[in-house]
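Printed here is work_32.tsv (TSV, C-alpha atoms and all ligand atoms):
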```tsv
chain	number	residue	atom	x	y	z
A	3	MET	CA	145.37	124.00	44.13
A	4	LYS	CA	141.65	123.41	43.50
A	5	PHE	CA	139.53	121.35	45.92
A	6	ASN	CA	139.27	118.20	43.77
A	7	THR	CA	143.07	118.08	43.50
A	8	LYS	CA	143.55	118.86	47.18
A	9	THR	CA	141.50	115.82	48.22
A	10	ILE	CA	144.12	113.67	46.48
A	11	HIS	CA	147.36	115.59	47.00
A	12	GLY	CA	146.72	118.23	49.66
A	13	GLY	CA	149.33	118.27	52.42
A	14	GLN	CA	151.02	115.15	50.99
A	15	HIS	CA	154.61	116.18	50.26
A	16	ASN	CA	157.44	113.70	50.22
A	17	ILE	CA	155.30	111.13	52.04
A	18	ASP	CA	157.68	108.20	51.75
A	19	PRO	CA	161.30	109.25	51.32
A	20	ALA	CA	162.39	105.62	51.88
A	21	TYR	CA	160.73	103.87	48.89
A	22	GLY	CA	158.51	106.48	47.22
A	23	SER	CA	155.25	104.68	48.00
A	24	VAL	CA	152.32	106.73	46.68
A	25	MET	CA	150.28	106.23	49.85
A	26	PRO	CA	151.90	106.89	53.22
A	27	PRO	CA	152.90	103.71	55.03
A	28	ILE	CA	150.86	102.66	58.06
A	29	TYR	CA	153.36	103.27	60.85
A	30	GLN	CA	152.00	100.67	63.24
A	31	THR	CA	154.40	101.57	66.00
A	32	THR	CA	154.19	102.81	69.56
A	33	THR	CA	157.58	104.42	69.74
A	34	TYR	CA	160.65	105.59	67.78
A	35	SER	CA	164.30	104.88	68.50
A	36	GLN	CA	166.50	107.76	69.63
A	37	THR	CA	170.25	107.93	69.08
A	38	THR	CA	170.69	110.08	72.18
A	39	PRO	CA	167.96	111.51	74.50
A	40	GLY	CA	165.94	113.82	72.23
A	41	GLY	CA	167.83	112.60	69.14
A	42	HIS	CA	164.87	111.47	66.98
A	43	LYS	CA	163.45	112.17	63.52
A	44	GLY	CA	160.44	114.22	64.64
A	45	PHE	CA	158.46	111.45	66.34
A	46	GLU	CA	159.05	110.09	69.82
A	47	TYR	CA	155.84	108.37	70.96
A	48	SER	CA	152.66	107.71	68.95
A	49	ARG	CA	150.29	109.54	71.32
A	50	SER	CA	152.13	112.78	70.65
A	51	GLY	CA	152.64	112.05	66.95
A	52	ASN	CA	152.61	109.31	64.33
A	53	PRO	CA	153.64	109.80	60.67
A	54	THR	CA	150.45	108.23	59.24
A	55	ARG	CA	148.34	110.44	61.48
A	56	THR	CA	150.42	113.46	60.48
A	57	ALA	CA	149.79	112.67	56.79
A	58	LEU	CA	146.04	112.65	57.50
A	59	GLU	CA	146.19	115.80	59.65
A	60	ASN	CA	147.98	117.65	56.86
A	61	ALA	CA	145.35	116.49	54.35
A	62	LEU	CA	142.55	117.63	56.67
A	63	ALA	CA	144.12	121.08	57.03
A	64	SER	CA	144.50	121.33	53.26
A	65	ILE	CA	140.93	120.42	52.26
A	66	GLU	CA	139.46	122.79	54.88
A	67	ASN	CA	141.72	125.70	53.81
A	68	GLY	CA	143.25	125.67	57.28
A	69	GLU	CA	146.80	125.51	58.58
A	70	TYR	CA	146.67	122.84	61.29
A	71	GLY	CA	144.75	119.55	61.47
A	72	LEU	CA	144.26	117.27	64.47
A	73	ALA	CA	142.80	113.76	64.37
A	74	PHE	CA	141.04	112.11	67.33
A	75	GLY	CA	139.57	108.73	68.20
A	76	SER	CA	135.97	109.91	67.49
A	77	GLY	CA	133.98	113.02	66.66
A	78	LEU	CA	133.00	113.36	70.30
A	79	ALA	CA	136.66	113.13	71.35
A	80	ALA	CA	137.36	116.08	69.03
A	81	ILE	CA	134.52	118.10	70.59
A	82	ASP	CA	135.76	117.10	74.06
A	83	ALA	CA	139.17	118.59	73.17
A	84	VAL	CA	137.57	121.89	72.12
A	85	LEU	CA	135.61	122.13	75.38
A	86	LYS	CA	138.80	121.57	77.39
A	87	LEU	CA	139.97	124.99	76.18
A	88	PHE	CA	137.56	126.50	78.73
A	89	LYS	CA	137.25	126.76	82.50
A	90	PRO	CA	134.40	126.68	85.03
A	91	GLY	CA	132.13	129.70	84.66
A	92	ASP	CA	132.75	130.05	80.91
A	93	GLU	CA	129.64	130.07	78.71
A	94	ILE	CA	129.00	128.43	75.37
A	95	ILE	CA	126.14	129.27	73.06
A	96	SER	CA	125.11	126.24	71.03
A	97	THR	CA	122.51	125.58	68.41
A	98	ASN	CA	119.54	123.76	69.99
A	99	ASP	CA	119.28	121.39	67.01
A	100	LEU	CA	122.39	119.21	67.03
A	101	TYR	CA	123.62	115.62	67.24
A	102	GLY	CA	122.24	114.02	70.42
A	103	GLY	CA	125.68	112.81	71.50
A	104	SER	CA	127.09	116.37	71.33
A	105	TYR	CA	124.17	117.55	73.49
A	106	ARG	CA	124.85	114.70	75.93
A	107	LEU	CA	128.56	115.57	76.15
A	108	PHE	CA	127.71	119.24	76.77
A	109	THR	CA	125.02	118.66	79.40
A	110	LYS	CA	126.05	115.44	81.11
A	111	ILE	CA	129.83	115.92	81.28
A	112	PHE	CA	130.85	119.56	80.80
A	113	GLU	CA	127.95	121.20	82.67
A	114	GLY	CA	129.05	119.06	85.64
A	115	LEU	CA	132.55	120.51	85.27
A	116	GLY	CA	131.24	124.08	85.46
A	117	LEU	CA	130.73	125.15	81.84
A	118	LYS	CA	127.39	126.77	81.08
A	119	PHE	CA	125.52	126.08	77.85
A	120	ARG	CA	122.73	128.08	76.26
A	121	PHE	CA	120.89	126.13	73.58
A	122	ILE	CA	119.15	128.43	71.13
A	123	GLY	CA	117.66	128.42	67.64
A	124	MET	CA	120.27	129.96	65.33
A	125	GLN	CA	118.37	130.09	62.04
A	126	ASP	CA	118.08	133.84	62.61
A	127	ALA	CA	121.69	134.70	63.51
A	128	SER	CA	120.73	138.17	64.75
A	129	ARG	CA	119.06	136.48	67.75
A	130	ILE	CA	122.39	135.08	68.98
A	131	GLU	CA	123.76	138.42	70.19
A	132	GLU	CA	121.25	138.82	73.02
A	133	HIS	CA	122.71	135.65	74.62
A	134	ILE	CA	126.32	136.89	74.60
A	135	ASN	CA	127.71	138.21	77.88
A	136	LYS	CA	131.14	138.73	79.47
A	137	ASN	CA	131.46	135.00	80.24
A	138	THR	CA	130.71	133.82	76.70
A	139	LYS	CA	133.73	132.11	75.15
A	140	LEU	CA	132.41	130.03	72.25
A	141	ILE	CA	129.60	129.84	69.72
A	142	TRP	CA	128.96	126.23	68.63
A	143	VAL	CA	127.31	125.84	65.24
A	144	GLU	CA	126.24	122.71	63.43
A	145	THR	CA	125.04	123.34	59.85
A	146	PRO	CA	123.13	121.65	58.30
A	147	THR	CA	121.80	120.60	61.69
A	148	ASN	CA	121.32	116.98	62.69
A	149	PRO	CA	118.55	115.96	62.17
A	150	MET	CA	116.32	118.92	61.17
A	151	MET	CA	118.51	120.19	58.31
A	152	ASN	CA	118.35	123.81	59.45
A	153	ILE	CA	120.99	126.06	57.93
A	154	ILE	CA	122.91	128.55	60.06
A	155	ASP	CA	124.61	131.58	58.50
A	156	ILE	CA	128.30	130.99	59.31
A	157	GLU	CA	129.47	134.40	58.09
A	158	ALA	CA	126.89	136.23	60.23
A	159	CYS	CA	127.93	134.15	63.27
A	160	SER	CA	131.56	134.92	62.56
A	161	LYS	CA	130.91	138.68	62.50
A	162	LEU	CA	129.22	138.42	65.89
A	163	ALA	CA	131.99	136.21	67.28
A	164	LYS	CA	134.67	138.69	66.18
A	165	LYS	CA	132.74	141.69	67.50
A	166	HIS	CA	132.51	140.08	70.95
A	167	LYS	CA	135.94	138.35	70.82
A	168	VAL	CA	134.56	134.84	71.25
A	169	LEU	CA	135.52	131.75	69.27
A	170	LEU	CA	133.29	130.27	66.58
A	171	ALA	CA	133.37	126.50	66.04
A	172	VAL	CA	131.50	124.80	63.20
A	173	ASP	CA	130.63	121.10	63.12
A	174	ASN	CA	131.06	120.53	59.38
A	175	THR	CA	130.14	116.83	59.44
A	176	PHE	CA	126.98	117.02	57.30
A	177	ALA	CA	128.31	119.45	54.69
A	178	THR	CA	131.98	118.44	54.42
A	179	PRO	CA	134.50	120.86	52.86
A	180	TYR	CA	133.15	119.83	49.44
A	181	LEU	CA	129.98	121.81	50.19
A	182	GLN	CA	131.15	124.55	52.54
A	183	GLN	CA	134.39	125.90	53.95
A	184	PRO	CA	133.72	127.53	57.33
A	185	LEU	CA	137.26	128.89	57.91
A	186	ASP	CA	136.88	130.97	54.73
A	187	LEU	CA	133.65	132.36	56.19
A	188	GLY	CA	135.44	133.42	59.39
A	189	ALA	CA	135.07	130.41	61.71
A	190	ASP	CA	137.97	129.65	64.10
A	191	ILE	CA	137.57	125.88	64.48
A	192	ILE	CA	136.14	123.23	62.17
A	193	MET	CA	135.12	119.96	63.73
A	194	HIS	CA	134.22	116.72	61.94
A	195	SER	CA	132.90	113.36	62.81
A	196	ALA	CA	135.32	111.87	60.24
A	197	THR	CA	133.39	108.65	60.85
A	198	LYS	CA	130.92	110.00	58.29
A	199	TYR	CA	131.61	111.48	54.83
A	200	LEU	CA	135.38	111.95	55.25
A	201	GLY	CA	135.92	108.26	55.95
A	202	GLY	CA	132.98	107.57	53.68
A	203	HIS	CA	132.84	103.76	53.93
A	204	SER	CA	131.36	103.09	57.40
A	205	ASP	CA	134.50	101.33	58.58
A	206	VAL	CA	136.11	103.87	60.94
A	207	VAL	CA	135.17	105.97	63.99
A	208	MET	CA	137.20	109.19	64.04
A	209	GLY	CA	137.04	112.92	64.71
A	210	SER	CA	139.02	115.92	63.56
A	211	LEU	CA	139.66	119.60	64.15
A	212	VAL	CA	141.14	122.15	61.74
A	213	VAL	CA	142.23	125.69	62.64
A	214	LYS	CA	144.25	128.51	61.09
A	215	ASP	CA	145.61	130.21	64.18
A	216	LYS	CA	148.95	128.91	65.51
A	217	GLU	CA	148.28	129.70	69.16
A	218	LEU	CA	144.89	127.96	69.08
A	219	ALA	CA	146.46	125.00	67.28
A	220	ASP	CA	149.16	124.75	69.96
A	221	ARG	CA	146.58	124.73	72.74
A	222	LEU	CA	144.52	122.04	71.00
A	223	TYR	CA	147.62	119.99	70.23
A	224	PHE	CA	148.58	120.16	73.90
A	225	ILE	CA	145.11	118.85	74.86
A	226	GLN	CA	145.33	116.10	72.23
A	227	LYS	CA	148.69	114.98	73.60
A	228	ALA	CA	147.89	115.47	77.28
A	229	SER	CA	144.42	113.86	77.22
A	230	GLY	CA	145.41	111.27	74.63
A	231	ALA	CA	142.18	110.76	72.63
A	232	ILE	CA	144.08	110.09	69.39
A	233	CYS	CA	143.20	107.79	66.48
A	234	GLY	CA	145.34	104.82	65.49
A	235	PRO	CA	147.51	104.70	62.33
A	236	GLN	CA	145.35	102.14	60.53
A	237	ASP	CA	142.27	104.35	60.94
A	238	ALA	CA	144.28	107.41	59.87
A	239	PHE	CA	145.19	105.55	56.67
A	240	LEU	CA	141.56	104.60	55.98
A	241	VAL	CA	140.29	108.17	56.36
A	242	LEU	CA	143.13	109.50	54.22
A	243	ARG	CA	142.05	107.03	51.55
A	244	GLY	CA	138.40	108.07	52.01
A	245	ILE	CA	139.22	111.74	51.51
A	246	LYS	CA	140.72	110.99	48.08
A	247	THR	CA	137.24	110.23	46.69
A	248	LEU	CA	135.31	112.76	48.80
A	249	HIS	CA	134.52	115.06	45.89
A	250	ILE	CA	133.08	112.39	43.59
A	251	ARG	CA	131.17	110.69	46.40
A	252	MET	CA	129.68	114.01	47.53
A	253	GLN	CA	128.64	114.87	44.00
A	254	ARG	CA	126.65	111.62	43.80
A	255	HIS	CA	125.27	111.99	47.35
A	256	CYS	CA	123.92	115.39	46.32
A	257	GLU	CA	122.41	114.14	43.04
A	258	ASN	CA	120.72	111.18	44.73
A	259	GLY	CA	119.69	113.33	47.69
A	260	GLU	CA	117.84	115.73	45.39
A	261	LYS	CA	115.99	112.90	43.62
A	262	VAL	CA	115.01	111.25	46.90
A	263	ALA	CA	113.89	114.54	48.49
A	264	LYS	CA	111.68	115.36	45.49
A	265	PHE	CA	110.25	111.84	45.42
A	266	LEU	CA	109.37	111.96	49.13
A	267	ARG	CA	107.75	115.34	48.78
A	268	SER	CA	105.45	114.05	46.05
A	269	HIS	CA	104.35	110.96	48.01
A	270	PRO	CA	100.92	110.97	49.70
A	271	LYS	CA	102.16	108.96	52.70
A	272	VAL	CA	104.80	111.57	53.53
A	273	ASP	CA	104.03	114.75	55.46
A	274	LYS	CA	106.99	117.17	55.86
A	275	VAL	CA	110.34	116.79	54.08
A	276	TYR	CA	113.36	118.62	55.50
A	277	TRP	CA	116.05	119.26	52.89
A	278	PRO	CA	117.77	122.64	52.34
A	279	GLY	CA	117.56	122.37	48.55
A	280	PHE	CA	113.83	123.12	48.47
A	281	GLU	CA	113.15	126.73	47.56
A	282	ASP	CA	110.64	127.01	50.37
A	283	HIS	CA	113.08	125.65	53.01
A	284	PRO	CA	113.21	128.55	55.53
A	285	ASN	CA	117.00	128.92	55.15
A	286	HIS	CA	117.29	128.06	51.44
A	287	ALA	CA	118.67	131.50	50.59
A	288	ILE	CA	121.59	131.09	53.02
A	289	ALA	CA	122.18	127.48	51.90
A	290	LYS	CA	122.41	128.65	48.30
A	291	VAL	CA	125.13	131.17	49.11
A	292	GLN	CA	126.99	129.19	51.77
A	293	MET	CA	126.94	125.73	50.20
A	294	LYS	CA	127.93	124.44	46.78
A	295	ASP	CA	125.00	122.00	46.72
A	296	PHE	CA	122.51	120.66	49.26
A	297	GLY	CA	123.84	117.29	50.38
A	298	GLY	CA	122.43	113.82	50.79
A	299	MET	CA	120.89	114.09	54.26
A	300	ILE	CA	117.09	114.30	54.41
A	301	SER	CA	114.57	114.03	57.25
A	302	PHE	CA	110.82	113.54	56.87
A	303	THR	CA	107.69	112.72	58.81
A	304	THR	CA	105.06	110.21	57.81
A	305	ALA	CA	101.59	111.45	56.86
A	306	GLU	CA	100.11	109.27	59.63
A	307	ASN	CA	102.38	111.09	62.07
A	308	THR	CA	102.70	108.20	64.50
A	309	LEU	CA	105.59	106.28	66.00
A	310	GLU	CA	104.10	103.07	64.60
A	311	SER	CA	104.07	104.34	61.01
A	312	ALA	CA	107.72	105.42	61.27
A	313	VAL	CA	108.80	102.10	62.79
A	314	LYS	CA	106.87	100.14	60.18
A	315	PHE	CA	108.51	102.15	57.40
A	316	VAL	CA	112.09	101.61	58.59
A	317	GLU	CA	111.44	97.91	59.22
A	318	ASN	CA	110.20	97.48	55.64
A	319	LEU	CA	113.29	98.96	53.95
A	320	LYS	CA	115.44	96.56	51.93
A	321	VAL	CA	118.18	98.61	50.21
A	322	PHE	CA	118.40	101.28	52.95
A	323	THR	CA	119.79	99.80	56.18
A	324	LEU	CA	118.26	100.78	59.51
A	325	ALA	CA	121.33	101.95	61.44
A	326	GLU	CA	122.92	104.83	63.32
A	327	SER	CA	125.54	106.92	61.49
A	328	LEU	CA	125.56	108.50	58.04
A	329	GLY	CA	127.81	109.59	55.22
A	330	GLY	CA	128.93	106.18	53.97
A	331	VAL	CA	128.53	104.94	50.40
A	332	GLU	CA	125.51	102.85	51.46
A	333	SER	CA	122.11	104.38	52.21
A	334	LEU	CA	121.04	104.35	55.86
A	335	ALA	CA	117.78	105.19	57.59
A	336	GLY	CA	117.48	106.20	61.22
A	337	HIS	CA	114.76	107.00	63.74
A	338	PRO	CA	116.25	110.00	65.62
A	339	ALA	CA	113.78	109.98	68.54
A	340	SER	CA	114.80	106.47	69.61
A	341	MET	CA	118.32	106.29	68.17
A	342	THR	CA	120.70	109.23	67.57
A	343	HIS	CA	118.72	111.80	69.61
A	344	ALA	CA	117.33	109.59	72.38
A	345	SER	CA	119.54	111.38	74.93
A	346	ILE	CA	117.66	114.68	74.41
A	347	PRO	CA	114.60	114.93	76.71
A	348	LYS	CA	111.33	114.37	74.78
A	349	GLU	CA	109.95	117.91	75.43
A	350	GLU	CA	113.23	119.47	74.26
A	351	ARG	CA	113.50	117.39	71.11
A	352	GLU	CA	109.83	117.82	70.18
A	353	LYS	CA	110.21	121.61	70.46
A	354	ILE	CA	112.72	121.52	67.59
A	355	GLY	CA	110.76	119.01	65.50
A	356	VAL	CA	112.32	115.68	66.48
A	357	VAL	CA	108.93	113.99	66.82
A	358	ASP	CA	108.27	110.24	66.98
A	359	SER	CA	107.28	110.08	63.31
A	360	LEU	CA	110.54	111.67	62.09
A	361	ILE	CA	112.82	109.52	59.94
A	362	ARG	CA	116.33	110.52	58.84
A	363	LEU	CA	117.89	109.27	55.62
A	364	SER	CA	121.54	109.27	54.67
A	365	VAL	CA	121.24	108.85	50.93
A	366	GLY	CA	124.13	106.80	49.59
A	367	ILE	CA	125.64	106.51	46.14
A	368	GLU	CA	123.74	103.46	44.89
A	369	ASP	CA	121.60	103.66	41.73
A	370	ASP	CA	118.92	106.27	42.43
A	371	GLU	CA	116.16	104.14	40.85
A	372	ASP	CA	116.81	101.31	43.33
A	373	LEU	CA	116.70	103.77	46.22
A	374	ILE	CA	113.42	105.29	45.14
A	375	GLU	CA	111.90	101.87	44.46
A	376	ASP	CA	112.88	100.81	47.99
A	377	LEU	CA	111.31	103.90	49.57
A	378	LYS	CA	108.17	103.40	47.47
A	379	GLN	CA	107.69	99.80	48.60
A	380	ALA	CA	108.41	100.63	52.25
A	381	LEU	CA	105.92	103.52	52.23
A	382	GLY	CA	103.39	101.29	50.48
B	401	LIG	O1	130.20	109.38	66.35
B	401	LIG	P1	131.36	110.32	66.46
B	401	LIG	O2	132.42	110.09	65.43
B	401	LIG	O3	131.91	110.44	67.84
B	401	LIG	O4	130.79	111.78	66.04
B	401	LIG	C1	129.83	112.47	66.79
B	401	LIG	C2	129.05	113.40	65.90
B	401	LIG	C3	129.34	114.75	65.91
B	401	LIG	N1	128.69	115.63	65.12
B	401	LIG	C4	127.71	115.21	64.27
B	401	LIG	C5	127.01	116.22	63.42
B	401	LIG	C6	127.37	113.86	64.21
B	401	LIG	O5	126.41	113.49	63.35
B	401	LIG	C7	128.04	112.92	65.05
B	401	LIG	C8	127.68	111.48	65.06
B	401	LIG	N2	126.41	111.21	64.53
B	401	LIG	C9	125.82	109.98	64.44
B	401	LIG	C10	126.38	108.84	64.87
B	401	LIG	C11	124.49	109.98	63.81
B	401	LIG	O6	123.99	108.92	63.39
B	401	LIG	O7	123.90	111.08	63.70
```
Rewrite the structure from the file as structure tokens, please.
Ligand code: P1T
Amino acid sequence: MKFNTKTIHGGQHNIDPAYGSVMPPIYQTTTYSQTTPGGHKGFEYSRSGNPTRTALENALASIENGEYGLAFGSGLAAIDAVLKLFKPGDEIISTNDLYGGSYRLFTKIFEGLGLKFRFIGMQDASRIEEHINKNTKLIWVETPTNPMMNIIDIEACSKLAKKHKVLLAVDNTFATPYLQQPLDLGADIIMHSATKYLGGHSDVVMGSLVVKDKELADRLYFIQKASGAICGPQDAFLVLRGIKTLHIRMQRHCENGEKVAKFLRSHPKVDKVYWPGFEDHPNHAIAKVQMKDFGGMISFTTAENTLESAVKFVENLKVFTLAESLGGVESLAGHPASMTHASIPKEEREKIGVVDSLIRLSVGIEDDEDLIEDLKQALG
């Protein structure tokens, strides 16, 4: 089955044997009756399993070319489950350019529990190997990175991970399986903030994991059940519905993203524009091979290069909404230094380019002329 068909039908077999409803029912239930202890129809308690969640988890596995999907109450809850695979003393190598909340979870929670993190630039994958030692258990990749839009070579990371027998996890939130399929490139775990493009309508907070390996899936399922950070059935339904239009939404996000990136680059009040579709983007060659298109996420700095100019710009927007998050049908603008990446110390974030004049855009699927007109008036 091709991707555009999988988004609609993938993993959805015999979803409602009772009445044949085309969408799975929302099983808003805590528990399931048993005829005798253990005599149930596959579900006993909704933390360990719920049919609406299962329908979503099967769809997630299908669109990522995986075998097993797991849905959680947020993207961070999904990352938390991955980190619980490890024990004190284990080391994790992570990209140094990543969502601020992931960085906060790594450094403020899991470092305290004895895991050790090394944050490094991964744009040149050959530099990762020198950080691997006998304690290394996981390489954590986010690509494109949030918010600097760096591209990391997943296949090169996977070769290193296999050589050293460590796991490779890819946060696929920005790209989505429409643009890149990390399991096919050798990754072991795909993580999503399903809050973003998978849900697609800014009405759900959710996270997911997809894997191919049965033993890894069993360990993650045990953590999901034992720690309990699951999503509810109503949210599972909404994300399942979102996934059905993922391919057409992504196509438009990419088209609008390209127009906005080119417009920004030509504007005198804009300094740098970060978007992997530009031929002179340092990782454009990898993006071209690894991704189907370049996405609708763009970051840029103002020509004035001051906090005030960035704040003034976001305050002047009318069609774009100033808000955290991304990946919904509506266009959003964010100021990473004070919003999504405020939990990264200033010296650390400035080293990777998250300066006070940086603005991040999640380009939505509105009419591109209205979006460009809005940016023009706000810059003016
Ligand atoms: O917000 P939550 O669903 O818990 O997902 C966390 C997360 C993980 N990974 C990436 C790449 C993310 O972008 C996020 C959440 N990001 C935002 C809220 C944001 O505005 O960047």
Give me the box for ligand LIG 401 (chain B) as AutoDock Vina command-line options, namely the centre and edge lengths in Å to one decimal of a box along x, y and z that holds every listed atom plus 4 Å on each side.
```
--center_x 128.2 --center_y 112.5 --center_z 65.6 --size_x 16.5 --size_y 15.4 --size_z 12.5
```
Next on the checklist: Just the number, please: distance in Å from atom CA of Lys290 of chain A to atom CA of Gly366 of chain A, one decimal.
Outcome noted: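 So the answer is 22.0 Å.
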Checklist entry - Interatomic distance between atom CA of Glu131 of chain A and atom CA of Gly114 of chain A? => result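 Computing the Euclidean distance for atom CA of Glu131 of chain A and atom CA of Gly114 of chain A yields 25.3 Å.
When all atoms listed in the file are used to measure the gap to ligand LIG 401 (chain B), the shortest distance among A:Thr97, A:Ser160, A:Asn135, A:Thr32 belongs to A:Thr97.
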Item to check | Contacts of segment 270-286 of chain A within 7 Å, all atoms listed in the file, excl. fewer than 4 positions in-chain, as a list in words | outcome: Met150, Met151, Asn152, Ile153, Ala263, Leu266, Lys290, Phe296, Ile300, Ser301, Phe302, Thr303, Thr304, Ala305 and Leu381 of chain A
Next on the checklist: Report as JSON, numbers by chain all protein, DNA and RNA residues lying within 8 Å of segment 48-62 of chain A, evaluated on only C-alpha atoms, omitting residues in the same chain fewer than 6 positions from it.
Outcome noted: {"A": [8, 9, 11, 12, 13, 14, 17, 26, 27, 28, 29, 31, 32, 33, 70, 71, 72, 73, 210, 212, 226, 227, 230, 232, 233, 234, 235, 238, 239, 241, 242]}
